[in-house]
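What follows is my_file10.cif (mmCIF, C-alpha atoms and all ligand atoms).
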data_entry
loop_
_atom_site.label_atom_id
_atom_site.label_comp_id
_atom_site.auth_asym_id
_atom_site.auth_seq_id
_atom_site.Cartn_x
_atom_site.Cartn_y
_atom_site.Cartn_z
CA MET A 253 74.49 130.83 120.56
CA LEU A 254 73.40 127.43 119.24
CA ASP A 255 74.67 124.44 121.18
CA ILE A 256 77.05 122.40 119.10
CA TRP A 257 76.09 118.77 118.47
CA HIS A 258 79.29 116.74 118.21
CA PRO A 259 79.81 113.63 116.04
CA PHE A 260 80.01 110.18 117.61
CA TRP A 261 79.51 111.83 120.98
CA GLN A 262 76.89 111.07 123.62
CA HIS A 263 76.15 114.47 125.12
CA GLY A 264 74.00 112.83 127.77
CA LEU A 265 77.11 111.51 129.48
CA GLU A 266 78.04 115.12 130.09
CA GLU A 267 81.69 114.45 129.51
CA PRO A 268 83.85 117.53 129.01
CA ILE A 269 84.60 118.90 125.57
CA PHE A 270 87.93 120.68 125.29
CA GLU A 271 88.62 123.69 123.16
CA ILE A 272 91.75 123.41 121.08
CA LYS A 273 93.46 126.64 120.18
CA GLU A 274 96.15 125.41 117.83
CA THR A 275 98.00 122.31 116.71
CA LYS A 276 101.61 121.41 116.03
CA ASP A 277 103.16 118.12 114.91
CA GLU A 278 101.64 115.38 117.10
CA PHE A 279 100.04 117.86 119.51
CA LEU A 280 96.60 119.39 120.01
CA ILE A 281 97.16 122.48 122.15
CA LYS A 282 94.49 123.62 124.61
CA LYS A 283 93.68 127.24 125.43
CA ASP A 284 95.83 127.10 128.54
CA GLY A 285 98.77 125.79 126.51
CA THR A 286 98.45 122.14 127.62
CA LYS A 287 99.67 119.81 124.88
CA ILE A 288 97.65 116.67 124.16
CA ILE A 289 99.41 113.95 122.17
CA ASP A 290 97.16 113.04 119.25
CA GLY A 291 97.58 109.27 119.36
CA ILE A 292 94.92 108.63 116.70
CA SER A 293 95.89 111.25 114.10
CA SER A 294 92.58 113.05 114.73
CA TRP A 295 90.42 110.21 113.48
CA TRP A 296 93.12 108.73 111.26
CA ALA A 297 93.22 111.77 108.99
CA ASN A 298 96.46 113.46 109.85
CA THR A 299 99.48 111.74 108.41
CA LEU A 300 102.47 114.09 108.31
CA GLY A 301 101.80 116.02 111.52
CA HIS A 302 99.56 118.93 112.39
CA ASN A 303 100.20 122.36 110.89
CA ASN A 304 102.61 121.16 108.28
CA PRO A 305 104.10 124.48 107.13
CA TYR A 306 104.44 123.49 103.46
CA ILE A 307 100.79 122.43 103.16
CA ALA A 308 99.62 125.46 105.18
CA SER A 309 101.49 127.79 102.85
CA ALA A 310 99.98 126.12 99.75
CA ILE A 311 96.47 126.54 101.23
CA LYS A 312 97.14 130.22 101.97
CA LYS A 313 98.53 130.91 98.50
CA GLN A 314 95.61 129.21 96.76
CA ALA A 315 93.03 130.96 98.97
CA GLU A 316 94.34 134.28 97.73
CA ILE A 317 93.90 133.27 94.07
CA MET A 318 90.65 131.30 93.83
CA GLN A 319 88.62 129.52 96.50
CA GLN A 320 85.83 127.71 94.68
CA ILE A 321 84.40 127.25 91.20
CA ILE A 322 81.92 124.89 89.60
CA PHE A 323 83.72 121.74 88.39
CA ALA A 324 81.28 120.73 85.63
CA GLY A 325 82.70 122.13 82.41
CA PHE A 326 85.62 123.84 84.18
CA VAL A 327 88.98 122.79 85.54
CA HIS A 328 91.83 124.49 87.39
CA LYS A 329 95.55 124.04 87.92
CA PRO A 330 95.37 122.62 91.46
CA ALA A 331 93.12 119.78 90.21
CA ILE A 332 95.36 119.12 87.21
CA ASP A 333 98.38 119.07 89.54
CA VAL A 334 96.76 116.53 91.85
CA SER A 335 95.80 114.17 89.03
CA GLU A 336 99.27 114.44 87.55
CA LYS A 337 101.14 113.99 90.84
CA LEU A 338 98.93 111.18 92.13
CA SER A 339 99.32 109.24 88.88
CA LYS A 340 103.04 108.93 89.61
CA PHE A 341 102.20 106.76 92.62
CA LEU A 342 99.72 104.55 90.79
CA PRO A 343 100.07 101.82 88.15
CA ASN A 344 98.89 102.48 84.58
CA LYS A 345 95.78 100.45 85.16
CA PHE A 346 94.32 103.51 86.88
CA THR A 347 93.47 106.15 84.32
CA HIS A 348 90.72 108.37 85.77
CA ILE A 349 90.10 110.26 88.99
CA PHE A 350 86.77 111.55 90.32
CA PHE A 351 86.98 114.12 93.12
CA SER A 352 84.68 114.45 96.12
CA ASP A 353 84.74 115.69 99.70
CA SER A 354 84.93 112.91 102.29
CA GLY A 355 85.72 109.27 102.84
CA SER A 356 82.05 108.33 102.93
CA ILE A 357 81.33 110.14 99.69
CA CYS A 358 84.23 108.65 97.76
CA VAL A 359 82.86 105.24 98.78
CA GLU A 360 79.38 106.21 97.54
CA VAL A 361 81.00 107.32 94.29
CA ALA A 362 82.85 104.01 93.97
CA LEU A 363 79.69 101.94 94.49
CA LYS A 364 77.68 104.08 92.06
CA MET A 365 80.52 103.98 89.54
CA ALA A 366 80.71 100.17 89.66
CA VAL A 367 76.98 99.48 89.50
CA GLY A 368 76.46 102.20 86.87
CA TYR A 369 79.16 100.57 84.78
CA TYR A 370 77.06 97.43 84.40
CA TYR A 371 73.89 99.46 83.91
CA ASN A 372 75.45 101.35 81.03
CA LYS A 373 76.61 98.04 79.59
CA PHE A 374 73.02 96.77 79.63
CA ASN A 375 73.69 94.40 82.51
CA LYS A 376 71.22 95.89 84.95
CA ASN A 377 71.15 92.73 87.00
CA LYS A 378 74.64 93.22 88.40
CA SER A 379 73.78 95.62 91.20
CA LYS A 380 74.57 93.65 94.35
CA ILE A 381 77.52 94.50 96.59
CA VAL A 382 79.66 92.12 98.66
CA ALA A 383 81.51 93.23 101.81
CA PHE A 384 83.25 91.77 104.84
CA GLU A 385 81.57 91.24 108.17
CA HIS A 386 82.92 93.87 110.63
CA SER A 387 83.62 96.32 107.82
CA TYR A 388 83.16 100.09 107.99
CA HIS A 389 82.82 102.33 104.95
CA GLY A 390 81.37 105.57 106.32
CA ASP A 391 78.11 106.98 107.60
CA THR A 392 76.19 107.83 104.43
CA PHE A 393 73.60 105.30 103.25
CA GLY A 394 75.85 103.42 100.85
CA GLY A 395 78.59 103.39 103.48
CA MET A 396 76.23 102.26 106.22
CA SER A 397 74.76 99.55 103.98
CA SER A 398 78.21 98.22 103.08
CA GLY A 399 79.40 98.48 106.67
CA ALA A 400 78.67 95.79 109.21
CA ASP A 401 75.39 95.71 111.09
CA SER A 402 76.22 97.55 114.28
CA VAL A 403 75.05 100.08 116.80
CA PHE A 404 76.21 102.72 114.29
CA ASN A 405 73.50 101.96 111.75
CA ALA A 406 70.85 100.08 113.79
CA PRO A 407 68.16 102.85 113.66
CA TYR A 408 68.38 102.96 109.87
CA LYS A 409 68.52 99.22 109.21
CA LYS A 410 65.22 99.13 107.31
CA MET A 411 66.40 101.91 105.02
CA LEU A 412 69.67 100.25 104.04
CA PHE A 413 70.13 98.16 100.89
CA ASP A 414 71.02 94.49 101.18
CA VAL A 415 74.71 93.70 101.04
CA LEU A 416 76.05 90.17 100.78
CA ARG A 417 78.52 89.31 103.54
CA ILE A 418 81.58 87.16 103.69
CA PRO A 419 83.49 86.52 106.93
CA TYR A 420 86.43 88.66 107.86
CA PRO A 421 89.59 86.63 107.00
CA LYS A 422 90.86 85.90 110.47
CA LYS A 423 94.40 84.55 110.67
CA ASN A 424 94.51 80.87 109.71
CA GLU A 425 90.83 80.98 108.74
CA GLU A 426 91.30 82.76 105.44
CA GLU A 427 90.04 79.75 103.54
CA LYS A 428 86.59 80.25 105.09
CA THR A 429 86.40 83.72 103.58
CA ILE A 430 87.62 82.59 100.20
CA GLU A 431 85.23 79.62 100.13
CA ALA A 432 82.31 81.81 101.22
CA TYR A 433 83.02 84.23 98.37
CA LYS A 434 83.37 81.36 95.90
CA LYS A 435 79.98 79.99 96.98
CA LEU A 436 78.35 83.40 96.75
CA LEU A 437 79.71 83.95 93.26
CA LYS A 438 78.56 80.51 92.12
CA GLU A 439 75.05 81.20 93.38
CA LYS A 440 74.68 84.89 92.60
CA GLY A 441 77.66 85.93 90.46
CA ASN A 442 75.43 87.27 87.71
CA GLU A 443 73.81 89.68 90.22
CA ILE A 444 77.01 90.88 91.91
CA GLY A 445 78.46 94.15 90.61
CA ALA A 446 81.18 94.88 93.15
CA ILE A 447 83.04 93.73 96.20
CA ILE A 448 84.22 96.51 98.53
CA LEU A 449 86.90 95.86 101.14
CA GLU A 450 89.14 97.73 103.54
CA PRO A 451 92.54 96.37 102.49
CA LEU A 452 94.60 94.65 105.22
CA VAL A 453 92.95 96.42 108.19
CA LEU A 454 89.32 96.65 109.25
CA GLY A 455 89.59 99.88 111.20
CA SER A 456 86.36 100.66 113.02
CA GLY A 457 85.61 96.93 113.15
CA GLY A 458 88.32 96.66 115.82
CA MET A 459 91.68 97.05 114.06
CA LEU A 460 91.36 93.55 112.62
CA PHE A 461 94.31 92.75 110.38
CA TYR A 462 94.52 90.21 107.59
CA GLU A 463 97.04 88.91 105.12
CA PRO A 464 97.61 90.42 101.65
CA PHE A 465 97.23 87.06 99.87
CA VAL A 466 93.50 87.19 100.68
CA LEU A 467 93.21 90.19 98.37
CA ASP A 468 94.92 88.19 95.61
CA GLU A 469 92.50 85.30 96.00
CA LEU A 470 89.36 87.44 96.22
CA TYR A 471 90.49 89.48 93.24
CA LYS A 472 91.07 86.35 91.13
CA LEU A 473 87.57 85.12 91.92
CA SER A 474 86.08 88.55 91.20
CA LYS A 475 87.60 88.57 87.74
CA GLU A 476 86.27 85.06 87.00
CA TYR A 477 82.76 86.39 87.63
CA ASP A 478 83.21 89.89 86.17
CA VAL A 479 82.87 91.68 89.52
CA MET A 480 84.45 95.10 90.17
CA PHE A 481 87.10 94.94 92.88
CA VAL A 482 86.88 98.07 95.02
CA LEU A 483 89.33 98.87 97.79
CA ASP A 484 88.43 101.46 100.38
CA GLU A 485 91.85 102.97 101.18
CA VAL A 486 90.31 105.90 103.06
CA MET A 487 92.12 104.92 106.25
CA THR A 488 94.91 102.71 104.90
CA GLY A 489 96.06 105.02 102.10
CA PHE A 490 99.08 107.30 102.40
CA GLY A 491 101.33 105.09 104.43
CA ARG A 492 99.24 103.84 107.36
CA CYS A 493 100.07 100.21 106.65
CA GLY A 494 103.72 100.79 105.78
CA THR A 495 103.29 101.14 102.02
CA MET A 496 101.85 104.14 100.26
CA PHE A 497 98.67 102.16 99.59
CA ALA A 498 97.80 98.96 101.41
CA TYR A 499 97.01 97.06 98.18
CA GLU A 500 100.69 97.40 97.19
CA GLN A 501 101.42 94.58 99.65
CA SER A 502 99.32 92.23 97.53
CA ASN A 503 100.00 91.16 93.95
CA ILE A 504 96.92 92.77 92.47
CA VAL A 505 95.72 96.15 91.33
CA PRO A 506 92.06 96.78 92.15
CA ASP A 507 89.58 98.29 89.70
CA ILE A 508 88.67 101.19 91.95
CA ILE A 509 90.33 102.78 94.99
CA CYS A 510 88.77 105.23 97.43
CA LEU A 511 91.07 107.87 98.92
CA SER A 512 90.53 110.60 101.47
CA LYS A 513 91.99 111.44 104.93
CA GLY A 514 95.75 111.36 104.10
CA LEU A 515 95.18 112.75 100.62
CA THR A 516 95.59 116.28 101.98
CA GLY A 517 97.80 115.12 104.83
CA GLY A 518 94.67 115.40 106.96
CA THR A 519 94.51 119.18 106.64
CA VAL A 520 91.31 119.97 104.72
CA PRO A 521 88.46 117.74 103.53
CA MET A 522 88.82 116.09 100.19
CA ALA A 523 88.47 112.67 98.58
CA ALA A 524 88.99 110.91 95.30
CA THR A 525 87.77 107.75 93.63
CA VAL A 526 90.30 106.43 91.14
CA CYS A 527 89.25 103.95 88.46
CA THR A 528 90.22 102.20 85.25
CA LYS A 529 89.62 103.22 81.64
CA GLU A 530 87.23 100.32 81.25
CA ILE A 531 84.91 101.86 83.84
CA TYR A 532 85.23 105.38 82.47
CA ASP A 533 84.54 104.15 78.94
CA ALA A 534 81.20 102.68 79.98
CA TYR A 535 80.03 106.24 80.68
CA TYR A 536 81.69 107.83 77.63
CA SER A 537 78.99 108.37 75.04
CA LYS A 538 77.10 110.93 72.96
CA ASP A 539 74.12 109.95 75.06
CA LYS A 540 73.70 112.29 78.06
CA SER A 541 71.72 109.71 80.00
CA LYS A 542 74.92 107.62 80.27
CA MET A 543 76.93 110.26 82.11
CA PHE A 544 78.03 109.63 85.69
CA PHE A 545 75.31 111.28 87.75
CA HIS A 546 77.21 112.38 90.80
CA SER A 547 78.41 115.74 92.03
CA SER A 548 78.69 117.89 95.10
CA SER A 549 78.92 121.67 95.09
CA TYR A 550 82.49 121.65 96.33
CA THR A 551 83.85 118.94 94.02
CA ALA A 552 87.60 119.55 93.54
CA ASN A 553 87.62 122.68 95.68
CA PRO A 554 90.81 124.50 94.60
CA VAL A 555 92.01 125.23 98.15
CA CYS A 556 91.66 121.55 99.10
CA MET A 557 93.33 120.56 95.85
CA ALA A 558 96.26 122.85 96.62
CA ALA A 559 96.59 121.09 99.98
CA ALA A 560 96.53 117.67 98.29
CA SER A 561 99.01 118.81 95.69
CA ALA A 562 101.42 120.05 98.39
CA ASN A 563 100.91 116.81 100.31
CA LEU A 564 101.84 114.81 97.21
CA ASP A 565 105.04 116.88 96.90
CA LEU A 566 105.93 115.82 100.41
CA TRP A 567 105.36 112.19 99.39
CA GLU A 568 107.91 112.45 96.58
CA ASN A 569 110.34 109.54 97.00
CA LYS A 570 107.85 108.19 99.56
CA LYS A 571 109.94 109.75 102.35
CA PRO A 572 107.13 109.69 104.98
CA LEU A 573 107.39 105.88 104.91
CA ASP A 574 110.76 106.17 106.70
CA ASP A 575 108.90 107.61 109.68
CA VAL A 576 106.29 104.86 109.52
CA LYS A 577 109.17 102.35 109.61
CA ARG A 578 110.69 104.12 112.61
CA ILE A 579 107.36 103.97 114.47
CA ASN A 580 106.88 100.34 113.47
CA SER A 581 110.31 99.42 114.88
CA TYR A 582 109.34 101.12 118.13
CA TYR A 583 106.11 99.08 118.22
CA LYS A 584 107.98 95.81 117.64
CA LYS A 585 109.78 96.29 120.94
CA GLN A 586 106.41 96.67 122.69
CA LEU A 587 104.69 93.62 121.22
CA GLY A 588 105.42 91.23 124.09
CA ASN A 589 103.87 93.52 126.69
CA PHE A 590 100.23 93.33 125.57
CA LYS A 591 97.41 90.83 124.98
CA ASP A 592 96.68 90.01 121.32
CA ALA A 593 99.08 92.75 120.31
CA ARG A 594 99.36 93.34 116.58
CA ILE A 595 101.10 95.89 114.42
CA LYS A 596 100.85 97.02 110.85
CA GLY A 597 102.76 100.07 109.67
CA ASP A 598 101.80 102.98 111.91
CA ILE A 599 99.09 101.00 113.74
CA PHE A 600 99.51 99.22 117.07
CA ALA A 601 96.50 97.47 118.60
CA PHE A 602 95.82 95.14 121.52
CA GLU A 603 92.93 93.94 123.65
CA ALA A 604 92.38 95.26 127.17
CA ASP A 605 90.90 92.95 129.78
CA GLY A 606 87.46 93.53 131.26
CA GLY A 607 84.15 94.90 130.07
CA GLU A 608 81.97 93.89 127.18
CA ASN A 609 83.76 94.20 123.87
CA ASN A 610 81.63 96.46 121.72
CA TYR A 611 81.65 100.09 120.69
CA VAL A 612 79.41 101.15 123.57
CA SER A 613 81.25 99.12 126.22
CA ASN A 614 81.79 100.78 129.58
CA LEU A 615 85.50 100.24 129.47
CA ALA A 616 86.20 102.50 126.49
CA PRO A 617 84.99 105.79 128.05
CA LYS A 618 86.88 105.07 131.28
CA LEU A 619 90.08 104.47 129.36
CA TYR A 620 89.45 107.48 127.11
CA LYS A 621 89.18 109.65 130.24
CA PHE A 622 92.27 108.10 131.83
CA PHE A 623 94.33 108.84 128.71
CA LEU A 624 93.01 112.39 128.39
CA ASP A 625 93.64 113.09 132.07
CA ASN A 626 97.23 112.29 131.14
CA ASN A 627 97.13 114.48 128.03
CA VAL A 628 97.00 111.67 125.49
CA LEU A 629 94.19 111.27 122.97
CA LEU A 630 93.30 107.62 122.34
CA ARG A 631 89.76 106.43 121.56
CA PRO A 632 89.44 102.71 122.31
CA LEU A 633 87.06 100.69 120.16
CA GLY A 634 85.37 98.64 122.87
CA ASN A 635 88.17 96.69 124.49
CA THR A 636 90.46 97.24 121.53
CA ILE A 637 93.06 99.87 122.30
CA TYR A 638 94.96 101.20 119.34
CA VAL A 639 97.58 103.79 118.57
CA MET A 640 97.80 105.43 115.15
CA PRO A 641 99.77 108.67 115.47
CA PRO A 642 100.90 111.22 112.90
CA TYR A 643 104.14 110.00 111.35
CA CYS A 644 106.18 112.86 112.82
CA ILE A 645 105.58 111.64 116.38
CA LYS A 646 108.68 111.83 118.54
CA GLU A 647 110.01 108.93 120.60
CA GLU A 648 109.33 110.73 123.87
CA SER A 649 105.64 111.01 122.90
CA LEU A 650 105.55 107.30 122.04
CA ASP A 651 107.21 106.59 125.41
CA LYS A 652 104.48 108.58 127.13
CA ILE A 653 101.70 106.74 125.28
CA PHE A 654 103.16 103.29 125.95
CA GLY A 655 103.89 104.20 129.57
CA LEU A 656 100.15 104.77 130.00
CA LEU A 657 99.21 101.65 128.05
CA LYS A 658 101.34 99.52 130.34
CA LYS A 659 99.41 100.87 133.30
CA ILE A 660 96.03 99.77 131.94
CA LYS A 661 96.79 96.50 130.12
C1 LIG B 1 87.69 102.66 105.73
C2 LIG B 1 86.89 103.91 105.86
N1 LIG B 1 86.03 104.25 104.89
C3 LIG B 1 85.29 105.37 104.95
C4 LIG B 1 85.38 106.21 106.03
C5 LIG B 1 84.54 107.44 106.10
O1 LIG B 1 85.31 108.58 105.94
P1 LIG B 1 84.74 110.00 106.36
O2 LIG B 1 84.67 110.00 107.84
O3 LIG B 1 85.75 110.99 105.84
O4 LIG B 1 83.41 110.16 105.72
C6 LIG B 1 86.26 105.90 107.08
C7 LIG B 1 86.37 106.77 108.26
O5 LIG B 1 86.99 106.48 109.24
C8 LIG B 1 87.03 104.72 106.99
O6 LIG B 1 87.87 104.35 107.96
#
Conversion result in structure tokens:
Amino acid sequence: MLDIWHPFWQHGLEEPIFEIKETKDEFLIKKDGTKIIDGISSWWANTLGHNNPYIASAIKKQAEIMQQIIFAGFVHKPAIDVSEKLSKFLPNKFTHIFFSDSGSICVEVALKMAVGYYYNKFNKNKSKIVAFEHSYHGDTFGGMSSGADSVFNAPYKKMLFDVLRIPYPKKNEEEKTIEAYKKLLKEKGNEIGAIILEPLVLGSGGMLFYEPFVLDELYKLSKEYDVMFVLDEVMTGFGRCGTMFAYEQSNIVPDIICLSKGLTGGTVPMAATVCTKEIYDAYYSKDKSKMFFHSSSYTANPVCMAAASANLDLWENKKPLDDVKRINSYYKKQLGNFKDARIKGDIFAFEADGGENNYVSNLAPKLYKFFLDNNVLLRPLGNTIYVMPPYCIKEESLDKIFGLLKKIK
């Protein structure tokens, strides 16, 4: 047997790896039947709860009909269903959807789409990207380049492309961000093709929240300088922030959104990059060299599409948001108990005392172990402890999580 190399895992620490036999609702269930509360939705992917029977049945049905076909020159009903159903949740400004397989890849697609747009319009100069400090957009090269300099991408620094940075819009310091962007655009606007942002929450950066009006201001500036406004809703999409998409809390509609994780309810891998007609039209031509050069073998995999389609059925009338509201009300009652506590939708975060505050701090693994010893999965980001459960989580599970949090604060 080959030894399995796990992601974001330091095997040298020789910490135990647990085998999970099955899942249900907010629980990961070990071989011996022990139930672990999944307090982070299995890396923010699961939204509606594990083993959702409706999505599972759709996957099974589709797997018996067709599992995979080439998506260049062919289409299938599950993909048509997803584009039709998703469009009902989006404003008319969005007209086209490009499918892919993961959060990182739909970000790559978005960046390529934006820069290629200008290239096809004979504006080859506009190829620079702007992003926030502390941002995270995935672990592929475009994602790493757009993400903040950190321990995550340090070994590859020389291989990454330059990205222009503006400060994260900390509460009451939003003007600094807006002014920094203004200055950048004045100096280099004719070279900037896109700005990519995590709307309202910088997740891996430490659950840093910011106000929706910042999106309005940055969007306005982007349009003045003909810059594509890209929102990475990989984590925030599908209800995490209390609205179906985080950008809905602002007054703008971006040019491109990146979706993954909650798109299938967190069941099977899939992603989509949704864009405007203006972008699509820049590639529409009799000239083959102007096509969008991106694909992966499993683009629009029918089984994954069936899962996404079923997930979108469950979002009809945006019902899952009622659960997010319920969880949010629970969080509100906890706010006073913790340092720098903050909540947004389904996310609760605070800062624990002690230890150096970075991803590799010593505190995080100790706390991770303490939680797991008590059958709760939480993965602190340095000193930042956060909770982001599947929306079906029961009050008694929240009580158990917060009981533990009170012990360590
Ligand atoms: C905002 C954001 N973008 C992109 C990604 C990358 O997604 P994936 O892990 O599916 O490649 C993540 C993952 O957590 C994310 O939070």
In Å to one decimal, how far is CA of Phe260 (chain A) from CA of Pro407 (chain A)?
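A separation of 14.5 Å between them.
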What do you get as an MDAnalysis selection string if you pick all residues at most 6 Å from ligand LIG 1 (chain B), counting all atoms listed in the file?
chainID A and resid 354:356 388:390 450 455 484 486:487
Quick one: distance from CA of Lys373 (chain A) to CA of Asp478 (chain A) in Å, one decimal?
12.4 Å
Proximity to Ala601 (chain A) - best of A:Val453, A:Pro617, A:Gly394, A:Phe544, only C-alpha atoms
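That would be A:Val453, the residue with the smallest distance to Ala601 (chain A).
CA of Glu360 (chain A) lies 13.1 Å from CA of Ile447 (chain A).
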Neighbour list for Phe346 (chain A) as a PDB file with C-alpha atoms, keeping the file's coordinate frame, cut-off 7 Å, all atoms listed in the file, skip fewer than 2 positions in-chain:
ATOM      1  CA  LEU A 342      99.720 104.550  90.790  1.00  0.00           C
ATOM      2  CA  PRO A 343     100.070 101.820  88.150  1.00  0.00           C
ATOM      3  CA  ASN A 344      98.890 102.480  84.580  1.00  0.00           C
ATOM      4  CA  HIS A 348      90.720 108.370  85.770  1.00  0.00           C
ATOM      5  CA  VAL A 526      90.300 106.430  91.140  1.00  0.00           C
ATOM      6  CA  CYS A 527      89.250 103.950  88.460  1.00  0.00           C
ATOM      7  CA  THR A 528      90.220 102.200  85.250  1.00  0.00           C
TER       8      THR A 528
END
Which residues of region 261-318 of chain A come within 12 Å of region 326-340 of chain A, and what is each one's closest atom pair and distance in Å (one decimal), counting all atoms listed in the file, sorted by chain and residue number, as JSON lines?
{"residue": "A:Ala310", "atom": "CA", "partner": "A:Pro330", "partner_atom": "CA", "distance": 10.1}
{"residue": "A:Ile311", "atom": "CA", "partner": "A:Pro330", "partner_atom": "CA", "distance": 10.6}
{"residue": "A:Lys313", "atom": "CA", "partner": "A:Pro330", "partner_atom": "CA", "distance": 11.3}
{"residue": "A:Gln314", "atom": "CA", "partner": "A:Pro330", "partner_atom": "CA", "distance": 8.5}
{"residue": "A:Ala315", "atom": "CA", "partner": "A:Pro330", "partner_atom": "CA", "distance": 11.5}
{"residue": "A:Ile317", "atom": "CA", "partner": "A:Pro330", "partner_atom": "CA", "distance": 11.1}
{"residue": "A:Met318", "atom": "CA", "partner": "A:His328", "partner_atom": "CA", "distance": 9.4}
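For the residues A:Lys659, A:Lys646, A:Lys287, A:Lys440, ranking by smallest atom-to-atom distance to Val576 (chain A) using all atoms listed in the file places A:Lys646 first.
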Padded axis-aligned box of region 505-514 of chain A (5 Å per side), centre and edge lengths, Å, one decimal, as JSON:
{"center_x": 92.2, "center_y": 103.8, "center_z": 97.3, "size_x": 17.1, "size_y": 25.3, "size_z": 25.2}
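For Asn589 (chain A), the non-local neighbours within 10 Å, defined as residues at least 6 positions apart in the same chain or in other chains and counting all atoms listed in the file, are Phe602, Phe654, Leu657, Lys658 and Lys661 of chain A.
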Give me the residues within 12 Å of Tyr583 (chain A) as a ChimeraX atom specification, counting only C-alpha atoms and dropping any in the same chain fewer than 2 places off.
/A:576-581,585-590,593-602,638-641,647,650-651,653-654
Quick one: residues within 7 Å of Phe351 (chain A), all atoms listed in the file, excluding same-chain residues fewer than 5 positions away - as a VMD selection string?
chain A and resid 523 to 525 551 to 552
Write to file, as a PDB file, in the frame of the given file, the residues of the selection just made, with C-alpha atoms.
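Below is the file result_11.pdb, written as the result:
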ATOM      1  CA  ALA A 523      88.470 112.670  98.580  1.00  0.00           C
ATOM      2  CA  ALA A 524      88.990 110.910  95.300  1.00  0.00           C
ATOM      3  CA  THR A 525      87.770 107.750  93.630  1.00  0.00           C
ATOM      4  CA  THR A 551      83.850 118.940  94.020  1.00  0.00           C
ATOM      5  CA  ALA A 552      87.600 119.550  93.540  1.00  0.00           C
TER       6      ALA A 552
END
Residues within 7 Å of Asp290 (chain A), only C-alpha atoms, excluding chain neighbours under 3 positions, as an NGL selection string:
:A and (278-280 or 293-294 or 628-629 or 641)
My list of candidates is A:Lys621, A:Ile289, A:Gly457, A:Tyr306. Which is closest to Ser649 (chain A) when distances are computed with all atoms listed in the file?
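Smallest separation from Ser649 (chain A) among the options: A:Ile289.
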Please list, as a compact mmCIF listing (two decimals) with C-alpha atoms, in the frame of the given file, the residues that have an atom at most 12 Å away from (88.2, 81.6, 105.9) in the coordinates of this file, counting all atoms listed in the file.
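Ended up saving to result_34.txt:
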# COMPACT_ATOMS: atom_id res chain seq x y z
CA PHE A 384 83.25 91.77 104.84
CA GLU A 385 81.57 91.24 108.17
CA ILE A 418 81.58 87.16 103.69
CA PRO A 419 83.49 86.52 106.93
CA TYR A 420 86.43 88.66 107.86
CA PRO A 421 89.59 86.63 107.00
CA LYS A 422 90.86 85.90 110.47
CA LYS A 423 94.40 84.55 110.67
CA ASN A 424 94.51 80.87 109.71
CA GLU A 425 90.83 80.98 108.74
CA GLU A 426 91.30 82.76 105.44
CA GLU A 427 90.04 79.75 103.54
CA LYS A 428 86.59 80.25 105.09
CA THR A 429 86.40 83.72 103.58
CA ILE A 430 87.62 82.59 100.20
CA GLU A 431 85.23 79.62 100.13
CA ALA A 432 82.31 81.81 101.22
CA TYR A 433 83.02 84.23 98.37
CA LYS A 434 83.37 81.36 95.90
CA TYR A 462 94.52 90.21 107.59
CA GLU A 463 97.04 88.91 105.12
CA VAL A 466 93.50 87.19 100.68
CA GLU A 469 92.50 85.30 96.00
CA LEU A 470 89.36 87.44 96.22
Can I get region 377-386 of chain A with N, CA and C atoms filled in, as a JSON list (two decimals), keeping the file's coordinate frame?
[["chain", "number", "residue", "atom", "x", "y", "z"],
["A", 377, "ASN", "N", 71.28, 93.71, 85.93],
["A", 377, "ASN", "CA", 71.15, 92.73, 87.00],
["A", 377, "ASN", "C", 72.29, 92.82, 88.01],
["A", 378, "LYS", "N", 73.46, 93.27, 87.53],
["A", 378, "LYS", "CA", 74.64, 93.22, 88.40],
["A", 378, "LYS", "C", 74.70, 94.46, 89.30],
["A", 379, "SER", "N", 73.86, 94.44, 90.33],
["A", 379, "SER", "CA", 73.78, 95.62, 91.20],
["A", 379, "SER", "C", 74.01, 95.27, 92.67],
["A", 380, "LYS", "N", 74.36, 94.03, 92.95],
["A", 380, "LYS", "CA", 74.57, 93.65, 94.35],
["A", 380, "LYS", "C", 76.03, 93.89, 94.77],
["A", 381, "ILE", "N", 76.19, 94.19, 96.05],
["A", 381, "ILE", "CA", 77.52, 94.50, 96.59],
["A", 381, "ILE", "C", 77.87, 93.42, 97.62],
["A", 382, "VAL", "N", 79.16, 93.06, 97.64],
["A", 382, "VAL", "CA", 79.66, 92.12, 98.66],
["A", 382, "VAL", "C", 80.62, 92.88, 99.57],
["A", 383, "ALA", "N", 80.58, 92.59, 100.86],
["A", 383, "ALA", "CA", 81.51, 93.23, 101.81],
["A", 383, "ALA", "C", 81.82, 92.26, 102.94],
["A", 384, "PHE", "N", 82.88, 92.59, 103.69],
["A", 384, "PHE", "CA", 83.25, 91.77, 104.84],
["A", 384, "PHE", "C", 82.31, 92.01, 106.02],
["A", 385, "GLU", "N", 82.14, 91.00, 106.84],
["A", 385, "GLU", "CA", 81.57, 91.24, 108.17],
["A", 385, "GLU", "C", 82.57, 92.14, 108.92],
["A", 386, "HIS", "N", 82.10, 92.94, 109.82],
["A", 386, "HIS", "CA", 82.92, 93.87, 110.63],
["A", 386, "HIS", "C", 83.49, 95.05, 109.84]]
